[in-house]
Structures are given as structure tokens and as C-alpha cells.
Amino acid sequence: MQVVSIRNLSRIDADGLIVGMYPGRRPAPGNTAVLKELGWARRALSDAGFDGDRGQVAVLPGAGASLPARVAFVGLGDEVDVEVLRQAAGAGQRALDTDSVATTLHRVPLDGAMGAALEGIGLAAYRFDTYRSSAKKRPALSVQLLGGGPPDEKAVKRAGIVVDAVSMARDLVNEPSAAKGPMTFADRVAGRAEGSGVSVEVWDADRLRGERMGGILGVGAGSDQPPCLVIMAHRPRRPRARLALVGKGITFDSGGLSLKTGTGMETMKTDMSGAAAVCAVAIAAALLELPVEVVSYAAMAENMPGGGAQRPGDVLTIRNGKTIEVLNTDAEGRLVLADALALAAEAEPDLIVDIATLTGACHVALGDKIAGLFGDDEAVPRVAAAAETAGERVWHLPLPADYRSIIDSELADMKNTVGGRYGGAIAAALLLKEFVADRPWAHLDIAGPARAEKAEHYIPRGGTGFGVRTLLDLVEGLS
Ligand code: BES
Ligand code: ZN
Ligand code: ZN
């Protein structure tokens, strides 16, 4: 994303312009000249049923005037906050669908307006066309900020890094599973980390055996693609805090021997969204030179029903010595996370946050747009606050102590499923809790919002990169 600031309309060199409007078709600040050029626009907007309400978009030709070919009017509503602005910018960019766009949205009087406008536009411009034979190489997105003085360099830099991080996560999620086995994923994120200052360590299957990581090995046993653990670290000189991030990285979830249905598998290439998020955040934290140590653990495995696969009834020994009876091989996320959480806890970080497309139950409970948030009283408010700033929605769910017995096993320390249909997201979170020792810990179940069925404002269809911005805001909050 290239950002320049331009003084007046005559300097615009873009295909499209995004203009904010308040209800009653009142223009947001910085648009007097635009509306003067487009004298007829207010009438046309009225005829099109556009009032300026939040979420409304109308595209008019800029023809004739000294304006870009198309002007997208985006409604801001009466109460504008940073997320409203981000979404409006995204909606405008999505409607224009161009690589070269100008806007005045950064002049909406609001702290962080420039960052929000740039994030919204940058995130909405995302494409994944690797597998289209018709794909053309596209130029980098160019954004021209019209008026309002020179751009705030810090805001521009941050927005660029945020957009790149979210796009990196989306790319990894959208990639077909055949092209992102655990070791291939590791190679790709290591490539992305080059030059960022982030250190990358990959534990292959042999190392995992030596390190007693029975959970990751158990899940990976049914696949021809061996599992691995990716550890990416941003270690600033005198960190103000030490954060561990843990991501579920199932590159394909067939369910294993507890095989899913055909339709159940259709979206399961996205089951590594948590891993993609934590890797992207480590790199972004380094590029932003945040004074917080961030160590990201991506627990990678492919859950397949091959001849070596784990069976229902098998018992795994996790890194910290605790044992889990595997009753359903499709509840595999908690098994790989258990190992990675136990390892993360050994380093005694100030805070551990894991993120995972963990349960269909959480998706059922909270729908497509809201993640489940679990954890203790120290960690939960921090993550909730970061999510609020980022404009990613989370909902705090309980970890009732007396529910712990639902994962009691006849044979081992615990079992990986409860058998019934109820409280599935809680059961999974309660199992994870067994592996964080006494560390402050939060868990994000992103089974719903990790992917979107349809595009909306700055969210594209497919992988959304959910969690990247929340976790990055969390790191910034700890700085
Ligand atoms: N990866 C799935 C969860 C999932 C489902 C994510 C739908 C995104 C969309 C997870 O591994 C899984 O299969 N969970 C099972 C657990 C059950 C067997 C206890 C589920 O939720 O059905
Ligand atoms: Zn599963
Ligand atoms: Zn899964």
C-alpha cells in the first residue's frame, strides 16, 4: 500500500474517490470542493435512496468534473467511531474495486481517523487469485489522501504493517491444503519472517518425539505430511512484558478416523487460521519494533485417517506429562494446542493467548462474526479491550469449575470429547486450561469468524485473518 497526501482536487490521479456522508446527505469534513464539482450529486444520491446512514454506499460518475471517474459516497451515520470509519472505507473501496483510490475519510474528526481509513481501504483491497488462470499481476494499492496536511507517518506505517499482516494470514488460510502441509507452512512463514528480525525455529517430527510432544504427533500420525511446531520470536532488548501466542495449525481437518462428512470437510483447509494469525502477529510486532517480547507457537499437523492414524480409544501423553484419552479423533485441535500451551507455559511468560478454529459448538453459539473468549480474570479483560479497539467482536464465555468433571476419563487424566451435544466450546476450553500451568491465559475460539461466507466492507469472502488485529492491539497495549 502506497500512501501519498495531495493538496487539492486538481492533483488527484486516481480511478476512484471515497467520500464520507452523514445522515441528511451532509458531507463529512474536507468535501466542500468535491460537492461543488458534483453540484448534481446530492439530488442523484437522494434519487438513489442514499441518505448517509451507516453502511450505505452509492457510486456516482465523477465524469466531466476534475474528479476521478467514479466517486463512492459512504454513509457514516450519526455516531462515528473508528470501526464505523474502517467499515465505511472498506465499503467504499469494495464498491470501487480499483488499485488507485483517493479519499477524504482521514479528515473525519476522530482520533485515529487516518489509520482507520487506510486499514479499511487496504483490507478491502485484498484479493486471492493465485489459482485463477486469468489472474493478472496487479500494481501495489495506491491511496491518495486528499487535503488535511501531510500524512501522519506513524499512522501510515502502522496501517501498512497491519494490512500486510492480515493479508499474510488470509493468504495462508485461503491456500489449498495440498499446497500447505505442516512443513510447507513452516517454510512459507519463515520466508515471510526474513528481514523482520523475527527468529524462526521449526521442530520436525523427530524433534517433537525427543521433546515428548505426544499431542501434535498423535494428530499428525495419520498423514503422509509430518507434523511440526513453528516457534517465531520477536525479542526486543528490554521487553516491558513477555507474551506467548499459541495457534491451532491443522492444515486439513478430515476428522481423522472419526471422519467428517463431505460437506463438513469443505472448509477445513481453514483449520490453521489460528497458526496463521500468531505467525503474522510475531512479524508485525517486530516490524513495529514494539517493546514487548512475542513468542508465537504454531502447532502444525494434518488430521488424516491414514494407516498410522490414532484411533478412538488411544491415549496420548502431552508435553507436561498429562494424559488424554482420544475418544473422537475429530476433536484434534485441543490435542495439538495442549502440547504447545504446555511448552509456552514453561518459559513463564506474563500472558498466554491461544487462538483456534476449535469447535463447531462455538460457531453454533455465536455465529459467523463473533469469537468465543475464555480465560482468567487477568487475561480476559485485556484481550476483550484489544478486540474492542481492533473492531473484532468477541464474547466472554465461562469456564465453570464444576464442569471440569465432564472431561473426566475412565482411563486417562481426561478425555477429548464429552459425548453429548452440550457445552462443547466450554469442554474444549476446560481441557486447554489443564496445560497452561498457573500462567494468566486467554483462549479465542474463532471457528465462526475465521472465514466469511460473503464479502462485507473490509472483510473478503474466505479467510478473514480474524484475530491478527486483536492480538496486535494486545501487544501494543502491553508496550
Ligand atoms: N476444526 C473443527 C471445528 C470447526 C468446525 C471449525 C466448523 C470451523 C468450522 C474441530 O476440529 C472439530 O471438528 N471439532 C468437533 C469437536 C467434536 C468432535 C467434539 C466439532 O466441533 O464438531
Ligand atoms: Zn476436527
Ligand atoms: Zn479442527
# chains A, B, ... in the order shown; residues from 1 in each chain; ligands from 1
>>> residues_around(residues="region 341-348 of chain A", least_positions_apart="3", cutoff="6 Å", atoms="only C-alpha atoms", output="JSON, numbers by chain")
{"A": [320, 337, 338, 435, 436]}
>>> select_by_dssp(residues="region 253-448 of chain A", states="helix (DSSP H, G or I)", output="MDAnalysis selection string")
chainID A and resid 262:265 268:270 273:287 333:346 360:366 379:390 401:407 424:433
>>> write_last_selection(atoms="C-alpha atoms", output="PDB file, in the first residue's frame")
ATOM      1  CA  GLY A 262     -18.042 -34.451   2.740  1.00  0.00           C
ATOM      2  CA  THR A 263     -19.689 -31.113   3.363  1.00  0.00           C
ATOM      3  CA  GLY A 264     -18.136 -30.968   6.827  1.00  0.00           C
ATOM      4  CA  MET A 265     -14.708 -31.025   5.178  1.00  0.00           C
ATOM      5  CA  MET A 268     -11.434 -27.468   6.635  1.00  0.00           C
ATOM      6  CA  LYS A 269      -8.405 -26.083   4.832  1.00  0.00           C
ATOM      7  CA  THR A 270      -9.045 -23.075   7.076  1.00  0.00           C
ATOM      8  CA  SER A 273      -6.289 -19.899  10.882  1.00  0.00           C
ATOM      9  CA  GLY A 274      -5.016 -19.580  14.461  1.00  0.00           C
ATOM     10  CA  ALA A 275      -1.497 -20.589  13.451  1.00  0.00           C
ATOM     11  CA  ALA A 276      -1.526 -18.150  10.547  1.00  0.00           C
ATOM     12  CA  ALA A 277      -2.630 -15.354  12.883  1.00  0.00           C
ATOM     13  CA  VAL A 278       0.064 -15.890  15.522  1.00  0.00           C
ATOM     14  CA  CYS A 279       2.834 -16.066  12.902  1.00  0.00           C
ATOM     15  CA  ALA A 280       1.626 -12.861  11.242  1.00  0.00           C
ATOM     16  CA  VAL A 281       1.468 -11.078  14.599  1.00  0.00           C
ATOM     17  CA  ALA A 282       5.044 -12.001  15.570  1.00  0.00           C
ATOM     18  CA  ILE A 283       6.300 -10.495  12.314  1.00  0.00           C
ATOM     19  CA  ALA A 284       4.142  -7.365  12.624  1.00  0.00           C
ATOM     20  CA  ALA A 285       5.260  -6.806  16.243  1.00  0.00           C
ATOM     21  CA  ALA A 286       8.870  -6.930  15.078  1.00  0.00           C
ATOM     22  CA  LEU A 287       8.291  -4.576  12.154  1.00  0.00           C
ATOM     23  CA  GLY A 333      -7.296 -29.053  17.906  1.00  0.00           C
ATOM     24  CA  ARG A 334      -7.178 -29.322  21.686  1.00  0.00           C
ATOM     25  CA  LEU A 335      -4.599 -32.141  21.381  1.00  0.00           C
ATOM     26  CA  VAL A 336      -2.080 -30.109  19.375  1.00  0.00           C
ATOM     27  CA  LEU A 337      -2.756 -26.986  21.458  1.00  0.00           C
ATOM     28  CA  ALA A 338      -2.186 -28.906  24.707  1.00  0.00           C
ATOM     29  CA  ASP A 339       1.443 -29.598  23.734  1.00  0.00           C
ATOM     30  CA  ALA A 340       2.089 -26.062  22.526  1.00  0.00           C
ATOM     31  CA  LEU A 341       0.447 -24.449  25.575  1.00  0.00           C
ATOM     32  CA  ALA A 342       2.468 -26.634  27.935  1.00  0.00           C
ATOM     33  CA  LEU A 343       5.668 -25.658  26.148  1.00  0.00           C
ATOM     34  CA  ALA A 344       4.713 -21.978  26.131  1.00  0.00           C
ATOM     35  CA  ALA A 345       3.996 -22.079  29.878  1.00  0.00           C
ATOM     36  CA  GLU A 346       7.474 -23.474  30.617  1.00  0.00           C
ATOM     37  CA  GLY A 360     -18.408 -26.198  15.814  1.00  0.00           C
ATOM     38  CA  ALA A 361     -20.241 -25.586  19.103  1.00  0.00           C
ATOM     39  CA  CYS A 362     -18.766 -22.087  19.396  1.00  0.00           C
ATOM     40  CA  HIS A 363     -19.758 -21.394  15.801  1.00  0.00           C
ATOM     41  CA  VAL A 364     -23.315 -22.508  16.611  1.00  0.00           C
ATOM     42  CA  ALA A 365     -23.406 -20.381  19.773  1.00  0.00           C
ATOM     43  CA  LEU A 366     -22.014 -17.097  18.431  1.00  0.00           C
ATOM     44  CA  ALA A 379      -6.191 -12.113  30.748  1.00  0.00           C
ATOM     45  CA  VAL A 380      -9.816 -11.812  29.587  1.00  0.00           C
ATOM     46  CA  PRO A 381     -10.268  -8.039  30.107  1.00  0.00           C
ATOM     47  CA  ARG A 382      -7.004  -7.363  28.291  1.00  0.00           C
ATOM     48  CA  VAL A 383      -7.983  -9.408  25.259  1.00  0.00           C
ATOM     49  CA  ALA A 384     -11.529  -8.020  25.295  1.00  0.00           C
ATOM     50  CA  ALA A 385     -10.175  -4.454  25.323  1.00  0.00           C
ATOM     51  CA  ALA A 386      -7.785  -5.208  22.462  1.00  0.00           C
ATOM     52  CA  ALA A 387     -10.598  -6.750  20.418  1.00  0.00           C
ATOM     53  CA  GLU A 388     -12.749  -3.684  21.003  1.00  0.00           C
ATOM     54  CA  THR A 389     -10.011  -1.367  19.698  1.00  0.00           C
ATOM     55  CA  ALA A 390      -9.392  -3.618  16.729  1.00  0.00           C
ATOM     56  CA  ALA A 401     -15.043 -25.218  37.751  1.00  0.00           C
ATOM     57  CA  ASP A 402     -17.803 -27.776  38.335  1.00  0.00           C
ATOM     58  CA  TYR A 403     -17.935 -28.527  34.593  1.00  0.00           C
ATOM     59  CA  ARG A 404     -14.400 -29.935  34.753  1.00  0.00           C
ATOM     60  CA  SER A 405     -15.854 -33.390  35.505  1.00  0.00           C
ATOM     61  CA  ILE A 406     -17.403 -33.590  32.018  1.00  0.00           C
ATOM     62  CA  ILE A 407     -13.940 -34.308  30.622  1.00  0.00           C
ATOM     63  CA  GLY A 424     -18.765 -28.269  23.507  1.00  0.00           C
ATOM     64  CA  ALA A 425     -16.845 -24.988  23.364  1.00  0.00           C
ATOM     65  CA  ILE A 426     -16.567 -24.926  27.161  1.00  0.00           C
ATOM     66  CA  ALA A 427     -15.413 -28.551  27.323  1.00  0.00           C
ATOM     67  CA  ALA A 428     -12.632 -27.795  24.846  1.00  0.00           C
ATOM     68  CA  ALA A 429     -11.558 -24.664  26.742  1.00  0.00           C
ATOM     69  CA  LEU A 430     -11.550 -26.566  30.053  1.00  0.00           C
ATOM     70  CA  LEU A 431      -9.185 -29.109  28.546  1.00  0.00           C
ATOM     71  CA  LEU A 432      -6.817 -26.379  27.339  1.00  0.00           C
ATOM     72  CA  LYS A 433      -6.769 -24.877  30.825  1.00  0.00           C
TER      73      LYS A 433
END
>>> closest_atom_pairs(of="chain A", to="ligand 2", cutoff="12 Å", atoms="only C-alpha atoms and all ligand atoms", output="tab-separated table")
residue	atom	partner	partner_atom_place_in_ligand_line	distance
A:Val219	CA	ligand 2	1 (Zn)	10.0
A:Lys248	CA	ligand 2	1 (Zn)	11.0
A:Gly249	CA	ligand 2	1 (Zn)	11.4
A:Ile250	CA	ligand 2	1 (Zn)	8.6
A:Thr251	CA	ligand 2	1 (Zn)	11.0
A:Phe252	CA	ligand 2	1 (Zn)	9.0
A:Asp253	CA	ligand 2	1 (Zn)	5.5
A:Ser254	CA	ligand 2	1 (Zn)	7.0
A:Gly255	CA	ligand 2	1 (Zn)	4.8
A:Gly256	CA	ligand 2	1 (Zn)	7.8
A:Leu257	CA	ligand 2	1 (Zn)	10.5
A:Ser258	CA	ligand 2	1 (Zn)	8.7
A:Leu259	CA	ligand 2	1 (Zn)	8.8
A:Lys260	CA	ligand 2	1 (Zn)	7.9
A:Thr261	CA	ligand 2	1 (Zn)	11.3
A:Gly264	CA	ligand 2	1 (Zn)	9.7
A:Met265	CA	ligand 2	1 (Zn)	9.3
A:Thr267	CA	ligand 2	1 (Zn)	11.4
A:Met268	CA	ligand 2	1 (Zn)	8.5
A:Lys269	CA	ligand 2	1 (Zn)	11.3
A:Thr270	CA	ligand 2	1 (Zn)	11.4
A:Asp271	CA	ligand 2	1 (Zn)	8.3
A:Met272	CA	ligand 2	1 (Zn)	11.2
A:Ala301	CA	ligand 2	1 (Zn)	11.5
A:Glu302	CA	ligand 2	1 (Zn)	10.3
A:Asn303	CA	ligand 2	1 (Zn)	7.6
A:Met304	CA	ligand 2	1 (Zn)	10.1
A:Pro305	CA	ligand 2	1 (Zn)	11.8
A:Val326	CA	ligand 2	1 (Zn)	12.0
A:Asn328	CA	ligand 2	1 (Zn)	8.6
A:Thr329	CA	ligand 2	1 (Zn)	7.0
A:Asp330	CA	ligand 2	1 (Zn)	3.5
A:Ala331	CA	ligand 2	1 (Zn)	4.7
A:Glu332	CA	ligand 2	1 (Zn)	5.3
A:Gly333	CA	ligand 2	1 (Zn)	6.5
A:Arg334	CA	ligand 2	1 (Zn)	9.2
A:Leu335	CA	ligand 2	1 (Zn)	10.3
A:Val336	CA	ligand 2	1 (Zn)	11.2
A:Ala356	CA	ligand 2	1 (Zn)	11.2
A:Thr357	CA	ligand 2	1 (Zn)	9.1
A:Leu358	CA	ligand 2	1 (Zn)	7.6
A:Thr359	CA	ligand 2	1 (Zn)	7.8
A:Gly360	CA	ligand 2	1 (Zn)	8.9
A:Ala361	CA	ligand 2	1 (Zn)	11.7
A:Asn416	CA	ligand 2	1 (Zn)	11.0
A:Thr417	CA	ligand 2	1 (Zn)	11.0
A:Ala428	CA	ligand 2	1 (Zn)	11.6
A:Ala447	CA	ligand 2	1 (Zn)	10.7
>>> select_by_dssp(residues="region 22-261 of chain A", states="strand (DSSP E)", output="ChimeraX atom specification")
/A:22,26-27,57-61,70-75,100-103,142-146,199-203,228-234,242-253
>>> residues_around(residues="Pro460 (chain A)", least_positions_apart="2", cutoff="10 Å", atoms="only C-alpha atoms", output="VMD selection string")
chain A and resid 90 94 123 to 128 170 451 to 458 462 to 465
>>> residues_around(residues="region 76-89 of chain A", least_positions_apart="6", cutoff="7 Å", atoms="only C-alpha atoms", output="PDB file with N, CA and C atoms, in the first residue's frame")
ATOM      1  N   GLY A  20     -17.084  10.512   2.592  1.00  0.00           N
ATOM      2  CA  GLY A  20     -17.980  10.184   3.704  1.00  0.00           C
ATOM      3  C   GLY A  20     -19.149  11.149   3.792  1.00  0.00           C
ATOM      4  N   MET A  21     -20.324  10.615   4.147  1.00  0.00           N
ATOM      5  CA  MET A  21     -21.524  11.449   4.270  1.00  0.00           C
ATOM      6  C   MET A  21     -22.254  11.132   5.576  1.00  0.00           C
ATOM      7  N   TYR A  22     -22.778  12.168   6.205  1.00  0.00           N
ATOM      8  CA  TYR A  22     -23.614  11.995   7.391  1.00  0.00           C
ATOM      9  C   TYR A  22     -25.081  11.955   6.961  1.00  0.00           C
ATOM     10  N   PRO A  23     -25.960  11.498   7.840  1.00  0.00           N
ATOM     11  CA  PRO A  23     -27.394  11.461   7.501  1.00  0.00           C
ATOM     12  C   PRO A  23     -27.898  12.833   7.033  1.00  0.00           C
ATOM     13  N   GLY A  52     -27.011   8.671   3.906  1.00  0.00           N
ATOM     14  CA  GLY A  52     -25.820   8.904   4.713  1.00  0.00           C
ATOM     15  C   GLY A  52     -25.816   8.048   5.966  1.00  0.00           C
ATOM     16  N   ASP A  53     -26.755   7.074   5.995  1.00  0.00           N
ATOM     17  CA  ASP A  53     -26.810   6.156   7.136  1.00  0.00           C
ATOM     18  C   ASP A  53     -25.612   5.218   7.098  1.00  0.00           C
ATOM     19  N   ARG A  54     -25.250   4.744   8.276  1.00  0.00           N
ATOM     20  CA  ARG A  54     -24.137   3.815   8.411  1.00  0.00           C
ATOM     21  C   ARG A  54     -24.331   2.602   7.484  1.00  0.00           C
ATOM     22  N   GLY A  55     -23.299   2.299   6.718  1.00  0.00           N
ATOM     23  CA  GLY A  55     -23.339   1.111   5.869  1.00  0.00           C
ATOM     24  C   GLY A  55     -23.800   1.381   4.439  1.00  0.00           C
ATOM     25  N   GLY A 112      -7.383   8.736  15.405  1.00  0.00           N
ATOM     26  CA  GLY A 112      -7.113   7.502  14.663  1.00  0.00           C
ATOM     27  C   GLY A 112      -7.832   7.416  13.334  1.00  0.00           C
ATOM     28  N   ALA A 113      -8.379   8.540  12.847  1.00  0.00           N
ATOM     29  CA  ALA A 113      -9.152   8.504  11.600  1.00  0.00           C
ATOM     30  C   ALA A 113      -8.284   8.075  10.405  1.00  0.00           C
ATOM     31  N   ALA A 116      -7.625   4.352  10.507  1.00  0.00           N
ATOM     32  CA  ALA A 116      -8.841   3.586  10.235  1.00  0.00           C
ATOM     33  C   ALA A 116      -9.180   3.614   8.749  1.00  0.00           C
ATOM     34  N   ALA A 117      -9.070   4.792   8.127  1.00  0.00           N
ATOM     35  CA  ALA A 117      -9.377   4.909   6.704  1.00  0.00           C
ATOM     36  C   ALA A 117      -8.429   4.026   5.880  1.00  0.00           C
ATOM     37  N   GLU A 119      -6.590   1.423   6.932  1.00  0.00           N
ATOM     38  CA  GLU A 119      -6.823  -0.009   7.196  1.00  0.00           C
ATOM     39  C   GLU A 119      -8.038  -0.512   6.428  1.00  0.00           C
ATOM     40  N   GLY A 120      -9.117   0.248   6.486  1.00  0.00           N
ATOM     41  CA  GLY A 120     -10.350  -0.169   5.818  1.00  0.00           C
ATOM     42  C   GLY A 120     -10.134  -0.355   4.321  1.00  0.00           C
ATOM     43  N   ILE A 121      -9.455   0.613   3.708  1.00  0.00           N
ATOM     44  CA  ILE A 121      -9.206   0.536   2.263  1.00  0.00           C
ATOM     45  C   ILE A 121      -8.252  -0.619   1.953  1.00  0.00           C
ATOM     46  N   GLY A 391     -11.827  -3.644  16.539  1.00  0.00           N
ATOM     47  CA  GLY A 391     -13.075  -3.803  15.799  1.00  0.00           C
ATOM     48  C   GLY A 391     -13.363  -5.247  15.455  1.00  0.00           C
ATOM     49  N   HIS A 457     -17.876  -4.979   3.635  1.00  0.00           N
ATOM     50  CA  HIS A 457     -16.936  -3.870   3.877  1.00  0.00           C
ATOM     51  C   HIS A 457     -15.479  -4.340   3.757  1.00  0.00           C
ATOM     52  N   TYR A 458     -14.694  -4.309   4.817  1.00  0.00           N
ATOM     53  CA  TYR A 458     -13.278  -4.666   4.635  1.00  0.00           C
ATOM     54  C   TYR A 458     -13.000  -6.163   4.784  1.00  0.00           C
TER      55      TYR A 458
END
>>> closest_residue(among="A:Pro312, A:Gly49, A:Pro291, A:Gly197", to="Ala233 (chain A)", atoms="only C-alpha atoms")
A:Gly197
>>> residues_around(residues="Pro27 (chain A)", least_positions_apart="3", cutoff="12 Å", atoms="only C-alpha atoms", output="PyMOL selection string")
chain A and resi 18-24+30-36+38+41-42+45+51-53+73-77+104-105+107-108
>>> residues_around(residues="region 134-146 of chain A", least_positions_apart="2", cutoff="6 Å", atoms="only C-alpha atoms", output="ChimeraX atom specification")
/A:1-6,99-104,129,132
>>> write_last_selection(atoms="N, CA and C atoms", output="PDB file, in the first residue's frame")
ATOM      1  N   MET A   1       0.854  -1.199   0.000  1.00  0.00           N
ATOM      2  CA  MET A   1       0.000   0.000   0.000  1.00  0.00           C
ATOM      3  C   MET A   1       0.884   1.242   0.000  1.00  0.00           C
ATOM      4  N   GLN A   2       0.697   2.058  -1.036  1.00  0.00           N
ATOM      5  CA  GLN A   2       1.450   3.303  -1.148  1.00  0.00           C
ATOM      6  C   GLN A   2       0.537   4.448  -0.766  1.00  0.00           C
ATOM      7  N   VAL A   3       0.986   5.292   0.126  1.00  0.00           N
ATOM      8  CA  VAL A   3       0.120   6.378   0.595  1.00  0.00           C
ATOM      9  C   VAL A   3       0.795   7.714   0.315  1.00  0.00           C
ATOM     10  N   VAL A   4       0.072   8.598  -0.365  1.00  0.00           N
ATOM     11  CA  VAL A   4       0.590   9.956  -0.542  1.00  0.00           C
ATOM     12  C   VAL A   4      -0.508  10.937  -0.147  1.00  0.00           C
ATOM     13  N   SER A   5      -0.082  12.135   0.220  1.00  0.00           N
ATOM     14  CA  SER A   5      -1.108  13.129   0.515  1.00  0.00           C
ATOM     15  C   SER A   5      -1.077  14.181  -0.585  1.00  0.00           C
ATOM     16  N   ILE A   6      -2.244  14.622  -1.010  1.00  0.00           N
ATOM     17  CA  ILE A   6      -2.310  15.619  -2.082  1.00  0.00           C
ATOM     18  C   ILE A   6      -3.122  16.820  -1.613  1.00  0.00           C
ATOM     19  N   ASP A  99      -7.203  -0.211  -7.959  1.00  0.00           N
ATOM     20  CA  ASP A  99      -5.892  -0.207  -7.316  1.00  0.00           C
ATOM     21  C   ASP A  99      -5.400   1.200  -7.012  1.00  0.00           C
ATOM     22  N   SER A 100      -6.178   2.182  -7.453  1.00  0.00           N
ATOM     23  CA  SER A 100      -5.721   3.550  -7.223  1.00  0.00           C
ATOM     24  C   SER A 100      -6.906   4.402  -6.794  1.00  0.00           C
ATOM     25  N   VAL A 101      -6.882   4.797  -5.532  1.00  0.00           N
ATOM     26  CA  VAL A 101      -8.063   5.415  -4.930  1.00  0.00           C
ATOM     27  C   VAL A 101      -7.656   6.647  -4.117  1.00  0.00           C
ATOM     28  N   ALA A 102      -8.534   7.629  -4.107  1.00  0.00           N
ATOM     29  CA  ALA A 102      -8.322   8.815  -3.275  1.00  0.00           C
ATOM     30  C   ALA A 102      -9.444   8.885  -2.252  1.00  0.00           C
ATOM     31  N   THR A 103      -9.205   9.572  -1.146  1.00  0.00           N
ATOM     32  CA  THR A 103     -10.258   9.699  -0.127  1.00  0.00           C
ATOM     33  C   THR A 103     -10.056  10.945   0.728  1.00  0.00           C
ATOM     34  N   THR A 104     -11.152  11.336   1.381  1.00  0.00           N
ATOM     35  CA  THR A 104     -11.099  12.406   2.382  1.00  0.00           C
ATOM     36  C   THR A 104     -11.475  11.864   3.763  1.00  0.00           C
ATOM     37  N   ASP A 129      -6.072 -14.514  -5.906  1.00  0.00           N
ATOM     38  CA  ASP A 129      -6.369 -15.022  -7.246  1.00  0.00           C
ATOM     39  C   ASP A 129      -5.249 -15.914  -7.783  1.00  0.00           C
ATOM     40  N   ARG A 132      -6.428 -18.492 -10.270  1.00  0.00           N
ATOM     41  CA  ARG A 132      -7.201 -18.102 -11.457  1.00  0.00           C
ATOM     42  C   ARG A 132      -6.246 -18.006 -12.635  1.00  0.00           C
TER      43      ARG A 132
END
>>> residues_around(residues="Ala72 (chain A)", least_positions_apart="2", cutoff="6 Å", atoms="only C-alpha atoms", output="MDAnalysis selection string")
chainID A and resid 18 58:59 92
>>> closest_residue(among="A:Asp445, A:Asp13, A:Asp473, A:Asp376", to="ligand 3", atoms="only C-alpha atoms and all ligand atoms")
A:Asp445
>>> atom_distance(atom1="CA of Ile352 (chain A)", atom2="CA of Ala159 (chain A)")
25.4 Å
>>> atom_distance(atom1="atom 4 (C, counted along the ligand's line) of ligand 1", atom2="CA of Ile446 (chain A)")
8.6 Å
